[in-house]
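Asker: Take a look at this one; I'll ask things after.
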Amino acid sequence: MSRILFAILLATSFGASAQQQWSDPYVPPHVKRSPDYVETSGAALKAQVERKLRDQFESADLAKSGTLTQAQARQAGLMYIADNFPAIDKRGAGVIRFEDVKSFLGL
Amino acid sequence: MDRFPKRLALLAFAATLAACGGGGGAGSSVTVIPPPGGQTLTYTDPNAYSSSANASLTTPNEITSVTQGTVTVGGQAIAYTATTGHLTSLKLGAETPEASFFYVAYTANGKDPATRPVTFFYNGGPGSATVWLHMGSYGPKRLDAQAPAQDVVTPFALVENTESMLDVSDLVFVDAIGSGFSQAISPNRNQTFWGVDADAGAFRDFIRRYIAVNGRAASPKFLFGESYGTTRSAVLVKALETAGVRMSGVVLLSSVLNYNTNCGLGFTAQITCAGYFPSYGAIGAWHQKVVPAVPLPGLPAFAQQLRELTNNVYAPAVTTFLANRGVPDNTTLQSFANATGITVSDWQAQLNLGPDPFRVRLLPGFVLGRYDARMSTPGISPGVDISSTFISTSFAVGLQGYMTDTLKFTNPSVYTFASGAINTWDFSHDGQGLPDTVPDLATALTLNPRLQVLAVSGYHDLATPWFQTERDIARLGANPKVRVKNYPGGHMIYLDNASRVAQKADLADFYRSATQP
């Protein structure tokens, strides 16, 4: 069967009566917007960026020591820290604090 | 949310038919690394792929078909290898199999991978296969939709794409898990990856694997997402940078970076539609309903007037309306009517006008397209989107024939254009019910100050309005590495032949800028 015939068959078989549930982008009715949502920019957005990075750092710091070793950073998939560890560890302590990451990123 | 004409079953049916009618290739076995130029291998993948939430693949394979092609872009003939098949993403850290991603990669022959860029393309939904970008935008072939024409013979012709991006980058079109032929690997289920964060994590792992297998660690790397694909890109680029995969650029096409500020997603009672107002003006101008008339070349200047009217008058008026139901005086409403073509009485009745009511009010008796509001059809229900229904069958038939006849890849399963993922998708992100991914993009720009971003939008798109994207991007602050461009066109800007040419030129500039040493 030729492809043109496929198209004709499709048009007559389904037509415009068939319905789909969504079209991009779409949010199904059961999904709700959080009432406390606040749009950020400027200093508030910068603070949000810092919080996101701090959350990652703290998730990797399983012992809650406030520091990470290069191996711990690698283990957690924080390769931007592991790959740049000597540059971040300016004190040469073998462990870094989140403040060291901030300083490295210019935050 | 209104219901839209079904693409799902229609296309599933098309894919089934075409698969039955297509010629099968021999079951050649090849490695995932493309062989040297000149080789052609067909592949019939015996796996059954499913888009259901519980589907879980137990026999992933990484066998691909390999074909050769040539495309002429700007007078330059580019010989390329097309690789079609699956690649297994490995979970970051554990490096265990996670999902089997279906992709089509176009790699120019004989280029140095240390300097040759590679770009990862994906559509959105969430739950959509990457068929629209693959067959409509910047691959070596495209279906000639000629938007916004509605008298084009269907199915659309498959033509050489003289605006292909293969002159600036290798191109990888990859399907989200549960769409196309992509599927989760056991013990994961498709549903495992149906959420903002899990989906981006799996895409990160696919890209890491693609880079590793194909020796692209040194290549400049780009993301190119459309619609929900831009939401994905913002989360994904942060995830990649965090994982030490340095990216050069992100192209955001028809963005929805923040679901909390798009009033068309069913939240018109709570949030302002100010982000849509300039789109109403651009669309009103197209349909010759604004006063004074604005011919197409005047659109950028008119767009600036619309931004100012929105910022200075419409947005404050809607803020007042949402607080106390107050409506501006008739002189003000007349300025809205002149700027959009929506009558004073309609503005009086519904000041915070969402895109679906707009689609049935601008031209009485007609429904405008949602994806491309330059297109229209007689009717009264926004449940019909002519700009979607007009192209769907052509893309279904076109992809199936192209995959079988040109890419030499066949599979007995139905290629899923749109899964049901969206209905069980975990939209939560960063402690919110709906994703705001501007902070993710800001984090990526912090992790990699050299990263460049280009956001492109269509003036006539009622799904992801251009002015809302400008507002979302503006939150990042002034940054020469983050740029915004708008074009005449709908959601899939590239379907407009003139805008595809203009956009390709801007993309080439962007790639030059983003790959400078």
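The chains in the structure tokens are called A, B, ... from first to last as shown; in each chain the residues are counted from 1, and the ligands are counted from 1 in the order shown.
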Counting only C-alpha atoms, which residues of stretch 133-173 of chain B fall within 12 Å of stretch 406-410 of chain B, and what is the closest atom pair for each with its distance in Å at one decimal, ordered by chain and rising number, as JSON lines?

Answerer:
{"residue": "B:Pro140", "atom": "CA", "partner": "B:Thr406", "partner_atom": "CA", "distance": 11.5}
{"residue": "B:Lys141", "atom": "CA", "partner": "B:Thr406", "partner_atom": "CA", "distance": 10.3}
{"residue": "B:Leu158", "atom": "CA", "partner": "B:Thr406", "partner_atom": "CA", "distance": 11.2}

Asker: Based on the selection just made, write N, CA and C atoms of those residues as a CSV table (one decimal), in the first residue's frame.

Answerer:
chain,number,residue,atom,x,y,z
B,140,PRO,N,19.5,16.7,8.2
B,140,PRO,CA,19.9,16.8,6.7
B,140,PRO,C,18.7,16.7,5.8
B,141,LYS,N,17.6,16.1,6.3
B,141,LYS,CA,16.3,16.1,5.5
B,141,LYS,C,15.2,16.7,6.3
B,158,LEU,N,9.5,15.0,1.5
B,158,LEU,CA,10.8,14.9,2.2
B,158,LEU,C,11.8,15.5,1.3

Asker: Measuring atom to atom with only C-alpha atoms, identify which of A:Asn84, A:Ser103, A:Thr69, A:Gln75 is nearest to chain B.

Answerer: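 Smallest distance to chain B is found for A:Gln75.
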
Asker: Please identify which residues in stretch 307-388 of chain B DSSP calls alpha helix (DSSP H) from the backbone, and express them as a compact mmCIF listing (two decimals) with C-alpha atoms, in the first residue's frame.

Answerer:
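The resulting file, states-v8.txt, is reproduced below:
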# COMPACT_ATOMS: atom_id res chain seq x y z
CA ARG B 307 6.10 45.27 25.37
CA GLU B 308 5.67 48.86 26.57
CA LEU B 309 1.86 48.72 26.54
CA ALA B 315 0.13 44.19 33.40
CA PRO B 316 -0.72 46.74 36.14
CA ALA B 317 -4.40 46.58 35.10
CA VAL B 318 -4.43 42.78 35.44
CA THR B 319 -2.71 42.99 38.82
CA THR B 320 -5.54 45.28 39.96
CA PHE B 321 -8.13 42.99 38.38
CA LEU B 322 -6.79 39.88 40.12
CA ALA B 323 -6.81 41.76 43.45
CA ASN B 324 -10.25 43.36 43.34
CA ASN B 330 -13.08 52.23 28.10
CA THR B 331 -10.29 54.43 26.74
CA THR B 332 -7.74 52.02 28.15
CA LEU B 333 -9.68 49.01 26.90
CA GLN B 334 -9.86 50.66 23.46
CA SER B 335 -6.03 50.80 23.45
CA PHE B 336 -6.00 47.04 24.14
CA ALA B 337 -8.54 46.52 21.32
CA ASN B 338 -6.47 48.55 18.86
CA ALA B 339 -3.32 46.66 19.82
CA THR B 340 -4.80 43.15 19.56
CA VAL B 344 -13.58 46.37 24.08
CA SER B 345 -16.57 44.31 25.22
CA ASP B 346 -14.49 41.14 25.19
CA TRP B 347 -11.76 42.85 27.27
CA GLN B 348 -14.51 44.13 29.58
CA ALA B 349 -15.83 40.58 30.04
CA PRO B 355 -4.82 31.93 25.00
CA ASP B 356 -7.73 29.53 24.41
CA PRO B 357 -10.48 32.20 24.64
CA PHE B 358 -8.28 34.42 22.44
CA ARG B 359 -8.17 31.68 19.80
CA VAL B 360 -11.95 31.69 19.38
CA ARG B 361 -12.55 35.44 19.80
CA ILE B 386 -5.33 23.04 13.13
CA SER B 387 -1.60 23.75 13.36
CA SER B 388 -1.16 20.35 15.05

Asker: For a quick check of understanding, using only C-alpha atoms, which of B:Gly75, B:Gly225, B:Gly180, B:Gly433 has the smallest distance to chain A?

Answerer: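 Ranking B:Gly75, B:Gly225, B:Gly180, B:Gly433 by distance to chain A, first place goes to B:Gly433.
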
Asker: Take atom CA of B:Ser376 and atom CA of B:Leu363 and report the distance between them in Å, one decimal.

Answerer: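 Computed distance, atom CA of B:Ser376 to atom CA of B:Leu363, equals 8.9 Å.
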
Asker: Leaving out B:Ala508 and any residue of its chain fewer than 4 positions from it, which residues lie within 7 Å of it when counting only C-alpha atoms, given as number ranges by chain?

Answerer: B: 168, 504, 512

Asker: Have a look at atom CA of B:Pro435 and atom CA of B:Ala474 and let me know their distance in Å, one decimal.

Answerer: 17.5 Å

Asker: Quote the spacing between atom CA of B:Val131 and atom CA of B:Met403 in Å to one decimal place.

Answerer: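 Taking atom CA of B:Val131 as the start and atom CA of B:Met403 as the end point, the length is 11.1 Å.
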
Asker: Which residues, written as an NGL selection string, have at least one atom at most 12 Å from B:Pro300, with only C-alpha atoms counted and residues fewer than 2 positions away on the same chain left out?

Answerer: :B and (278-279 or 281-282 or 285 or 294-298 or 302-307 or 458-459 or 485-488)

Asker: Excluding same-chain residues fewer than 4 positions from A:Gln70, what lies within 7 Å of it counting only C-alpha atoms, as number ranges by chain?

Answerer: A: 74, 82, 85

Asker: Since we have the selection now, will you write its residues out, keeping C-alpha atoms, as a PDB file, in the first residue's frame?

Answerer:
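Final file, part_16.pdb:
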ATOM      1  CA  ARG A  74      33.622  12.151  43.280  1.00  0.00           C
ATOM      2  CA  ALA A  82      36.371  16.686  42.307  1.00  0.00           C
ATOM      3  CA  PHE A  85      39.747  20.067  43.950  1.00  0.00           C
TER       4      PHE A  85
END

Asker: From the set A:Pro86, A:Pro35, A:Gly66, A:Gly77, which residue has the shortest atom-to-atom contact distance to chain B, counting only C-alpha atoms?

Answerer: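 Among A:Pro86, A:Pro35, A:Gly66, A:Gly77, it is A:Gly77 that comes nearest to chain B.
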